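K.L.:
As input, take coords.txt (compact mmCIF, C-alpha atoms and all ligand atoms):
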```
# COMPACT_ATOMS: atom_id res chain seq x y z
CA MET A 1 9.90 -29.42 72.47
CA GLY A 2 6.18 -29.06 73.00
CA ASP A 3 4.74 -32.25 74.37
CA SER A 4 1.10 -31.65 75.22
CA GLY A 5 -2.32 -31.99 73.64
CA ALA A 6 -3.88 -34.73 71.58
CA PRO A 7 -2.09 -35.13 68.27
CA LYS A 8 -4.03 -34.90 65.05
CA LEU A 9 -3.27 -36.28 61.67
CA ILE A 10 -5.00 -34.90 58.63
CA PRO A 11 -5.68 -37.11 55.62
CA ALA A 12 -3.04 -37.27 52.94
CA ASP A 13 -5.12 -35.55 50.30
CA SER A 14 -6.01 -32.49 52.36
CA VAL A 15 -2.57 -31.06 53.07
CA ASP A 16 -0.95 -28.61 50.71
CA GLY A 17 2.78 -28.22 51.19
CA VAL A 18 2.91 -25.33 53.59
CA ASP A 19 6.31 -24.72 55.11
CA SER A 20 6.30 -22.80 58.38
CA ALA A 21 7.31 -23.45 61.96
CA MET A 22 7.47 -27.17 62.68
CA ASN A 23 7.52 -28.78 66.06
CA VAL A 24 9.31 -32.03 66.88
CA ARG A 25 7.97 -33.89 69.88
CA HIS A 26 7.93 -37.43 71.24
CA LEU A 27 5.55 -39.95 69.72
CA HIS A 28 2.76 -41.13 72.05
CA GLU A 29 0.22 -43.92 72.15
CA THR A 30 -2.42 -41.34 71.14
CA ASP A 31 -0.61 -41.04 67.79
CA TYR A 32 -1.19 -44.71 66.98
CA ASP A 33 -4.76 -44.58 65.65
CA PRO A 34 -4.38 -41.53 63.40
CA ILE A 35 -1.06 -42.73 61.99
CA ILE A 36 -2.28 -46.28 61.37
CA ALA A 37 -5.30 -44.81 59.57
CA VAL A 38 -3.13 -43.21 56.87
CA ILE A 39 0.08 -45.19 56.79
CA ASP A 40 -0.80 -47.53 53.90
CA ASP A 41 -1.72 -44.44 51.90
CA TRP A 42 1.56 -42.73 52.80
CA TRP A 43 3.45 -45.85 51.64
CA GLY A 44 1.80 -45.67 48.22
CA ASP A 45 -1.01 -48.11 49.00
CA ARG A 46 1.33 -50.80 50.29
CA LYS A 47 -0.19 -52.89 53.10
CA ILE A 48 2.33 -51.85 55.69
CA SER A 49 0.35 -50.94 58.81
CA TYR A 50 0.65 -54.41 60.34
CA LEU A 51 4.41 -53.81 60.58
CA LEU A 52 3.96 -50.86 62.95
CA PRO A 53 2.66 -52.23 66.27
CA ARG A 54 1.14 -50.09 68.99
CA VAL A 55 3.82 -51.25 71.46
CA LEU A 56 6.35 -49.03 69.74
CA PHE A 57 4.23 -45.98 70.52
CA VAL A 58 3.75 -47.13 74.12
CA HIS A 59 7.18 -48.44 75.10
CA PHE A 60 9.58 -46.49 72.89
CA SER A 61 8.18 -42.98 73.17
CA SER A 62 11.44 -41.51 74.46
CA THR A 63 13.29 -42.46 71.25
CA SER A 64 10.38 -42.00 68.82
CA PHE A 65 9.28 -38.68 67.37
CA ALA A 66 6.53 -36.87 65.53
CA ILE A 67 6.96 -33.70 63.54
CA GLU A 68 3.88 -31.54 63.45
CA GLU A 69 2.60 -28.24 62.23
CA ALA A 70 -0.52 -26.56 63.56
CA GLY A 71 -1.46 -29.77 65.36
CA ALA A 72 -1.15 -31.98 62.27
CA VAL A 73 1.42 -34.76 62.24
CA LEU A 74 3.41 -34.47 59.03
CA GLY A 75 5.87 -37.23 59.80
CA PHE A 76 7.02 -39.68 62.42
CA LEU A 77 9.93 -41.90 63.39
CA ALA A 78 9.69 -45.03 65.55
CA GLY A 79 13.02 -46.17 66.92
CA PHE A 80 14.69 -47.59 70.00
CA VAL A 81 17.96 -48.46 71.69
CA SER A 82 18.91 -52.11 71.38
CA GLN A 83 18.37 -54.14 74.54
CA THR A 84 21.00 -56.60 73.36
CA TYR A 85 23.60 -54.05 72.23
CA PRO A 86 23.18 -50.85 74.30
CA ASP A 87 25.61 -48.96 72.06
CA GLN A 88 23.34 -49.55 69.07
CA ALA A 89 20.05 -47.94 68.10
CA TYR A 90 17.52 -49.05 65.54
CA ILE A 91 15.08 -47.05 63.42
CA HIS A 92 12.08 -49.24 62.72
CA PHE A 93 9.88 -46.87 60.75
CA VAL A 94 10.03 -43.38 59.33
CA GLY A 95 7.26 -41.80 57.30
CA ILE A 96 6.66 -38.31 55.93
CA HIS A 97 3.35 -37.12 54.54
CA PRO A 98 3.53 -37.41 50.72
CA ASN A 99 2.91 -33.67 50.24
CA HIS A 100 5.80 -32.78 52.55
CA ARG A 101 8.59 -34.97 51.20
CA ARG A 102 11.96 -33.76 49.96
CA GLY A 103 11.79 -30.75 52.27
CA GLY A 104 14.17 -31.97 54.97
CA LEU A 105 11.63 -33.41 57.45
CA GLY A 106 13.03 -36.94 57.26
CA ARG A 107 16.53 -35.57 57.83
CA GLN A 108 15.24 -33.54 60.78
CA LEU A 109 13.67 -36.61 62.41
CA TYR A 110 16.83 -38.66 61.86
CA SER A 111 19.02 -35.88 63.28
CA THR A 112 16.79 -35.68 66.36
CA PHE A 113 17.01 -39.46 66.78
CA PHE A 114 20.82 -39.47 66.37
CA GLU A 115 21.19 -36.70 68.93
CA THR A 116 18.89 -38.48 71.39
CA VAL A 117 20.47 -41.94 71.19
CA ARG A 118 24.00 -40.50 71.19
CA LYS A 119 23.20 -39.03 74.61
CA LEU A 120 22.05 -42.51 75.66
CA GLY A 121 25.46 -43.94 74.76
CA CYS A 122 24.86 -45.19 71.23
CA THR A 123 27.60 -45.06 68.62
CA THR A 124 25.84 -46.96 65.82
CA VAL A 125 22.40 -46.74 64.20
CA ARG A 126 20.87 -49.48 62.10
CA SER A 127 17.79 -49.59 59.90
CA ILE A 128 16.27 -52.04 57.44
CA THR A 129 14.24 -51.51 54.32
CA SER A 130 12.83 -53.50 51.43
CA PRO A 131 14.86 -53.65 48.20
CA LEU A 132 11.77 -52.47 46.33
CA ASN A 133 11.72 -49.24 48.36
CA THR A 134 14.12 -47.27 46.19
CA GLY A 135 13.11 -43.97 47.82
CA SER A 136 14.05 -45.27 51.25
CA ILE A 137 17.37 -46.61 49.92
CA ALA A 138 18.18 -43.22 48.37
CA PHE A 139 17.19 -41.41 51.57
CA HIS A 140 19.32 -43.64 53.82
CA THR A 141 22.28 -43.33 51.47
CA ARG A 142 21.99 -39.52 51.56
CA MET A 143 21.78 -39.74 55.37
CA GLY A 144 25.17 -41.44 55.42
CA PHE A 145 24.14 -45.05 55.92
CA GLU A 146 26.04 -47.91 54.32
CA VAL A 147 24.60 -51.26 53.27
CA GLU A 148 25.92 -54.23 55.23
CA ARG A 149 25.66 -58.04 55.19
CA VAL A 150 24.98 -58.20 51.46
CA THR A 151 24.45 -61.79 50.32
CA GLY A 152 22.95 -61.23 46.88
CA GLU A 153 20.70 -58.90 44.96
CA TRP A 154 17.06 -58.45 44.06
CA GLN A 155 16.31 -56.73 40.77
CA GLY A 156 19.81 -55.31 40.82
CA VAL A 157 19.60 -54.02 44.40
CA PRO A 158 22.30 -55.42 46.75
CA CYS A 159 20.55 -56.91 49.76
CA THR A 160 20.47 -59.66 52.38
CA VAL A 161 18.60 -62.48 50.70
CA ASN A 162 15.86 -64.23 52.70
CA TYR A 163 16.52 -62.02 55.73
CA GLU A 164 12.96 -62.51 57.03
CA LEU A 165 10.83 -65.30 55.61
CA LYS A 166 11.99 -67.21 52.57
CA GLY A 167 11.81 -64.74 49.70
CA GLU A 168 11.66 -61.69 51.98
CA HIS A 169 14.87 -59.87 51.11
CA ARG A 170 16.03 -56.78 52.98
CA VAL A 171 18.54 -53.96 52.66
CA LEU A 172 20.40 -53.62 55.98
CA PHE A 173 21.78 -50.16 56.77
CA VAL A 174 24.37 -49.10 59.32
CA LYS A 175 25.75 -45.69 60.26
CA SER A 176 28.31 -44.61 62.83
CA ILE A 177 27.19 -41.62 64.92
CA SER A 178 30.20 -41.52 67.25
C1 LIG B 1 11.97 -41.89 52.87
C2 LIG B 1 11.31 -40.63 53.46
C3 LIG B 1 11.11 -40.82 54.97
C4 LIG B 1 12.27 -39.44 53.23
O1 LIG B 1 11.75 -38.29 53.90
P1 LIG B 1 11.94 -36.82 53.30
O2 LIG B 1 11.46 -35.85 54.30
O3 LIG B 1 11.34 -36.77 51.94
O4 LIG B 1 13.54 -36.74 53.17
P2 LIG B 1 14.42 -35.40 53.23
O5 LIG B 1 13.76 -34.32 52.46
O6 LIG B 1 14.79 -35.11 54.63
O7 LIG B 1 15.70 -35.86 52.41
C5 LIG B 1 16.98 -36.12 52.99
C6 LIG B 1 17.93 -36.44 51.86
O8 LIG B 1 17.51 -37.65 51.19
C7 LIG B 1 17.24 -37.40 49.82
N1 LIG B 1 16.05 -38.14 49.43
C8 LIG B 1 14.89 -38.27 50.13
N2 LIG B 1 14.02 -39.01 49.44
C9 LIG B 1 14.63 -39.33 48.27
C10 LIG B 1 14.22 -40.06 47.12
N3 LIG B 1 12.98 -40.61 47.04
N4 LIG B 1 15.09 -40.18 46.10
C11 LIG B 1 16.33 -39.63 46.16
N5 LIG B 1 16.78 -38.93 47.24
C12 LIG B 1 15.93 -38.78 48.27
C13 LIG B 1 17.00 -35.90 49.73
O9 LIG B 1 17.30 -35.39 48.44
C14 LIG B 1 17.94 -35.36 50.79
O10 LIG B 1 19.25 -35.29 50.30
P3 LIG B 1 20.12 -33.94 50.48
O11 LIG B 1 19.86 -33.46 51.88
O12 LIG B 1 21.50 -34.40 50.27
O13 LIG B 1 19.60 -33.01 49.46
C15 LIG B 1 9.96 -40.31 52.75
O14 LIG B 1 10.16 -40.31 51.35
C16 LIG B 1 8.84 -41.30 53.07
O15 LIG B 1 8.10 -41.12 54.03
N6 LIG B 1 8.69 -42.36 52.25
C17 LIG B 1 7.60 -43.35 52.43
C18 LIG B 1 7.84 -44.17 53.66
C19 LIG B 1 9.13 -44.96 53.61
O16 LIG B 1 9.47 -45.57 52.62
N7 LIG B 1 9.88 -44.95 54.76
C20 LIG B 1 11.19 -45.60 54.87
C21 LIG B 1 11.11 -47.05 55.21
S1 LIG B 1 10.54 -47.35 56.88
```
Represent the supplied structure as structure tokens.
Ligand SMILES: CC(C)(COP(=O)(O)OP(=O)(O)OC[C@H]1O[C@@H](n2cnc3c(N)ncnc32)[C@H](O)[C@@H]1OP(=O)(O)O)[C@@H](O)C(=O)NCCC(=O)NCCS
P.N.:
Amino acid sequence: MGDSGAPKLIPADSVDGVDSAMNVRHLHETDYDPIIAVIDDWWGDRKISYLLPRVLFVHFSSTSFAIEEAGAVLGFLAGFVSQTYPDQAYIHFVGIHPNHRRGGLGRQLYSTFFETVRKLGCTTVRSITSPLNTGSIAFHTRMGFEVERVTGEWQGVPCTVNYELKGEHRVLFVKSIS
């Protein structure tokens, strides 16, 4: 893995889906500003950036990754090993540039994360998404995750009702990597 040089992130509308050699490296604090600048756009204009704090880039670099091509970050994953349950890992955020989706980059980042946390002693990976994020639900299902702790549904999507604030429902995913 290459791990040097200041990362760059080009705006969403200036990348055309080129597919050549990609490089997966750890995420760094220097990735925070460029990623935060585009993340709402990547999420389809959802106001999401406040959910991705800088501390993840600073304190969870060893289990967080960027995938880049020619110095441009095309995707990232922010995850960590649970402090409470050392055999469990959690993926907090994953995002792929809109022009580079459905080409296996998300799978590549997840595979890198699984491999990394398995070496750290993890046997289980968890992740959480919103029931309105049907793309994320489809992706996690294809990646072998199952939905757990279902207490109801939102617009037909099985989920954990009121998981965060009242009215903030979530889909809780779990996958064994042992
Ligand atoms: C969800 C996301 C990370 C997937 O990344 P990706 O690089 O497009 O996914 P991949 O190409 O690696 O796909 C892996 C598998 O999931 C499937 N998949 C991915 N997105 C899908 C979608 N929107 N609908 C149906 N299936 C999907 C692929 O077909 C593939 O299945 P296969 O390998 O069996 O053919 C990407 O769409 C994204 O960044 N979305 C916006 C941000 C977001 O919602 N993040 C998740 C919540 S934090």
K.L.:
Step by step, measure atom-to-atom distances between ligand LIG 1 (chain B) and each residue using all atoms listed in the file, keep those at most 7 Å, then write them as a PyMOL selection string.
P.N.:
chain A and resi 42-43+92-98+100-108+129+133-136+138-140+142-143
K.L.:
Mind dumping the selected residues with C-alpha atoms as a short mmCIF file (atom, residue, chain, number, x, y, z; two decimals), in the coordinates of the input?
P.N.:
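Writing the result to out_27.cif gives the following:
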```
data_model
loop_
_atom_site.label_atom_id
_atom_site.label_comp_id
_atom_site.auth_asym_id
_atom_site.auth_seq_id
_atom_site.Cartn_x
_atom_site.Cartn_y
_atom_site.Cartn_z
CA TRP A 42 1.56 -42.73 52.80
CA TRP A 43 3.45 -45.85 51.64
CA HIS A 92 12.08 -49.24 62.72
CA PHE A 93 9.88 -46.87 60.75
CA VAL A 94 10.03 -43.38 59.33
CA GLY A 95 7.26 -41.80 57.30
CA ILE A 96 6.66 -38.31 55.93
CA HIS A 97 3.35 -37.12 54.54
CA PRO A 98 3.53 -37.41 50.72
CA HIS A 100 5.80 -32.78 52.55
CA ARG A 101 8.59 -34.97 51.20
CA ARG A 102 11.96 -33.76 49.96
CA GLY A 103 11.79 -30.75 52.27
CA GLY A 104 14.17 -31.97 54.97
CA LEU A 105 11.63 -33.41 57.45
CA GLY A 106 13.03 -36.94 57.26
CA ARG A 107 16.53 -35.57 57.83
CA GLN A 108 15.24 -33.54 60.78
CA THR A 129 14.24 -51.51 54.32
CA ASN A 133 11.72 -49.24 48.36
CA THR A 134 14.12 -47.27 46.19
CA GLY A 135 13.11 -43.97 47.82
CA SER A 136 14.05 -45.27 51.25
CA ALA A 138 18.18 -43.22 48.37
CA PHE A 139 17.19 -41.41 51.57
CA HIS A 140 19.32 -43.64 53.82
CA ARG A 142 21.99 -39.52 51.56
CA MET A 143 21.78 -39.74 55.37
#
```
K.L.:
Work out how far CA of Leu132 (chain A) is from CA of Thr84 (chain A), in Å to one decimal.
P.N.:
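One can read the CA of Thr84 (chain A) to CA of Leu132 (chain A) distance as 28.9 Å.
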K.L.:
Can you pull out the residues contacting Glu146 (chain A)? Cut-off 10 Å, using all atoms listed in the file, and skip same-chain residues under 2 positions away; I want them as a PyMOL selection string.
P.N.:
chain A and resi 126+137+140-144+148+171-176
K.L.:
Would you mind reading off the distance between CA of Leu120 (chain A) and CA of Leu56 (chain A), one decimal, in Å?
P.N.:
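Those two atoms sit 18.0 Å apart.
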K.L.:
Please list as an MDAnalysis selection string every residue within 10 Å of Tyr85 (chain A), counting only C-alpha atoms and excluding residues in the same chain fewer than 3 positions away.
P.N.:
chainID A and resid 81:82 88:89 122 124
K.L.:
Find the residues with any atom within 9 Å of (16.5, -56.0, 48.7); use only C-alpha atoms and the coordinates as given in the file, and write the answer as JSON, numbers by chain.
P.N.:
{"A": [129, 130, 131, 132, 133, 152, 153, 154, 155, 156, 157, 158, 159, 160, 161, 168, 169, 170, 171, 172]}
K.L.:
Rounded to one decimal, what separation in Å do you get between CA of Ile128 (chain A) and CA of Gln83 (chain A)?
P.N.:
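Spanning CA of Ile128 (chain A) to CA of Gln83 (chain A) is a straight-line distance of 17.4 Å.
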K.L.:
If we count all atoms listed in the file and set the cut-off at 10 Å, which residues sit around Val24 (chain A), ignoring sequence neighbours fewer than 2 positions away in its own chain? Please answer as a PyMOL selection string.
P.N.:
chain A and resi 1-3+22+26-27+65-69+73+75-76+105+108-109+112
K.L.:
Find the residue from A:Ile177, A:Leu52, A:Val38, A:Val147 that sits nearest to Val117 (chain A); use only C-alpha atoms when measuring.
P.N.:
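For Val117 (chain A), the nearest of the given residues is A:Ile177.
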K.L.:
Considering all atoms listed in the file, can you say which of A:Arg54, A:Arg149, A:His59, A:Lys119 comes closest to Tyr32 (chain A)?
P.N.:
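Among A:Arg54, A:Arg149, A:His59, A:Lys119, it is A:Arg54 that comes nearest to Tyr32 (chain A).
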K.L.:
Which residue, A:Thr116, A:Ser127, A:Ser111, A:Asn162, has the smallest gap to Ser61 (chain A) when you use only C-alpha atoms?
P.N.:
A:Thr116
K.L.:
Have a look at A:Asp45, A:Asp33, A:Glu164, A:Glu115 and name the one nearest to Ser178 (chain A); count all atoms listed in the file.
P.N.:
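Among the listed residues, the smallest separation from Ser178 (chain A) belongs to A:Glu115.
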K.L.:
Quick one: of A:Ile35, A:Asp41, A:Ala70, A:Tyr163, who's nearest to Pro53 (chain A), counting only C-alpha atoms?
P.N.:
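Checking each candidate against Pro53 (chain A), we get A:Ile35 as the closest.
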K.L.:
Of the candidates A:Val58, A:Leu74, A:Ala21, A:Val125, which one gets nearest to Asp87 (chain A) if we count all atoms listed in the file?
P.N.:
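Distance minimum relative to Asp87 (chain A) lands on A:Val125.
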K.L.:
Model the absent atoms of region 46-81 of chain A so that N, CA and C atoms are present, and write the result as a compact mmCIF listing (two decimals), in the coordinates of the input.
P.N.:
```txt
# COMPACT_ATOMS: atom_id res chain seq x y z
N ARG A 46 0.79 -49.52 49.84
CA ARG A 46 1.33 -50.80 50.29
C ARG A 46 0.69 -51.17 51.61
N LYS A 47 0.40 -52.45 51.82
CA LYS A 47 -0.19 -52.89 53.10
C LYS A 47 0.94 -53.01 54.11
N ILE A 48 1.14 -51.96 54.85
CA ILE A 48 2.33 -51.85 55.69
C ILE A 48 1.98 -51.69 57.17
N SER A 49 0.72 -51.33 57.45
CA SER A 49 0.35 -50.94 58.81
C SER A 49 0.56 -52.06 59.83
N TYR A 50 0.47 -53.30 59.39
CA TYR A 50 0.65 -54.41 60.34
C TYR A 50 2.10 -54.50 60.84
N LEU A 51 3.01 -53.80 60.17
CA LEU A 51 4.41 -53.81 60.58
C LEU A 51 4.74 -52.74 61.62
N LEU A 52 3.73 -51.95 61.99
CA LEU A 52 3.96 -50.86 62.95
C LEU A 52 3.07 -51.09 64.18
N PRO A 53 3.51 -51.90 65.13
CA PRO A 53 2.66 -52.23 66.27
C PRO A 53 2.54 -51.10 67.28
N ARG A 54 1.42 -51.10 67.96
CA ARG A 54 1.14 -50.09 68.99
C ARG A 54 2.22 -50.06 70.07
N VAL A 55 2.82 -51.21 70.38
CA VAL A 55 3.82 -51.25 71.46
C VAL A 55 4.96 -50.27 71.25
N LEU A 56 5.27 -49.99 69.99
CA LEU A 56 6.35 -49.03 69.74
C LEU A 56 5.97 -47.65 70.25
N PHE A 57 4.71 -47.29 70.06
CA PHE A 57 4.23 -45.98 70.52
C PHE A 57 4.18 -45.93 72.05
N VAL A 58 3.90 -47.07 72.66
CA VAL A 58 3.75 -47.13 74.12
C VAL A 58 5.11 -47.20 74.81
N HIS A 59 5.96 -48.12 74.34
CA HIS A 59 7.18 -48.44 75.10
C HIS A 59 8.46 -47.80 74.57
N PHE A 60 8.37 -47.12 73.44
CA PHE A 60 9.58 -46.49 72.89
C PHE A 60 9.36 -45.01 72.58
N SER A 61 8.50 -44.39 73.38
CA SER A 61 8.18 -42.98 73.17
C SER A 61 9.41 -42.09 73.28
N SER A 62 10.31 -42.42 74.21
CA SER A 62 11.44 -41.51 74.46
C SER A 62 12.44 -41.48 73.30
N THR A 63 12.39 -42.47 72.42
CA THR A 63 13.29 -42.46 71.25
C THR A 63 12.50 -42.45 69.94
N SER A 64 11.23 -42.08 70.02
CA SER A 64 10.38 -42.00 68.82
C SER A 64 9.80 -40.59 68.74
N PHE A 65 9.61 -40.09 67.54
CA PHE A 65 9.28 -38.68 67.37
C PHE A 65 8.20 -38.45 66.33
N ALA A 66 7.46 -37.36 66.54
CA ALA A 66 6.53 -36.87 65.53
C ALA A 66 6.94 -35.45 65.18
N ILE A 67 6.73 -35.09 63.94
CA ILE A 67 6.96 -33.70 63.54
C ILE A 67 5.61 -33.16 63.11
N GLU A 68 5.23 -32.04 63.69
CA GLU A 68 3.88 -31.54 63.45
C GLU A 68 3.89 -30.06 63.16
N GLU A 69 2.81 -29.65 62.55
CA GLU A 69 2.60 -28.24 62.23
C GLU A 69 1.13 -27.94 62.45
N ALA A 70 0.85 -26.95 63.25
CA ALA A 70 -0.52 -26.56 63.56
C ALA A 70 -1.36 -27.76 64.00
N GLY A 71 -0.74 -28.63 64.82
CA GLY A 71 -1.46 -29.77 65.36
C GLY A 71 -1.58 -30.96 64.44
N ALA A 72 -1.08 -30.85 63.21
CA ALA A 72 -1.15 -31.98 62.27
C ALA A 72 0.20 -32.67 62.19
N VAL A 73 0.18 -33.99 62.34
CA VAL A 73 1.42 -34.76 62.24
C VAL A 73 1.78 -34.91 60.77
N LEU A 74 2.95 -34.40 60.42
CA LEU A 74 3.41 -34.47 59.03
C LEU A 74 4.42 -35.58 58.82
N GLY A 75 4.91 -36.14 59.93
CA GLY A 75 5.87 -37.23 59.80
C GLY A 75 6.15 -37.83 61.16
N PHE A 76 6.71 -39.02 61.16
CA PHE A 76 7.02 -39.68 62.42
C PHE A 76 8.20 -40.61 62.24
N LEU A 77 8.83 -40.93 63.36
CA LEU A 77 9.93 -41.90 63.39
C LEU A 77 9.73 -42.78 64.61
N ALA A 78 9.76 -44.09 64.42
CA ALA A 78 9.69 -45.03 65.55
C ALA A 78 11.03 -45.75 65.64
N GLY A 79 11.71 -45.55 66.75
CA GLY A 79 13.02 -46.17 66.92
C GLY A 79 13.28 -46.49 68.38
N PHE A 80 14.37 -47.20 68.62
CA PHE A 80 14.69 -47.59 70.00
C PHE A 80 16.16 -47.92 70.13
N VAL A 81 16.60 -48.00 71.38
CA VAL A 81 17.96 -48.46 71.69
C VAL A 81 17.90 -49.97 71.86
```
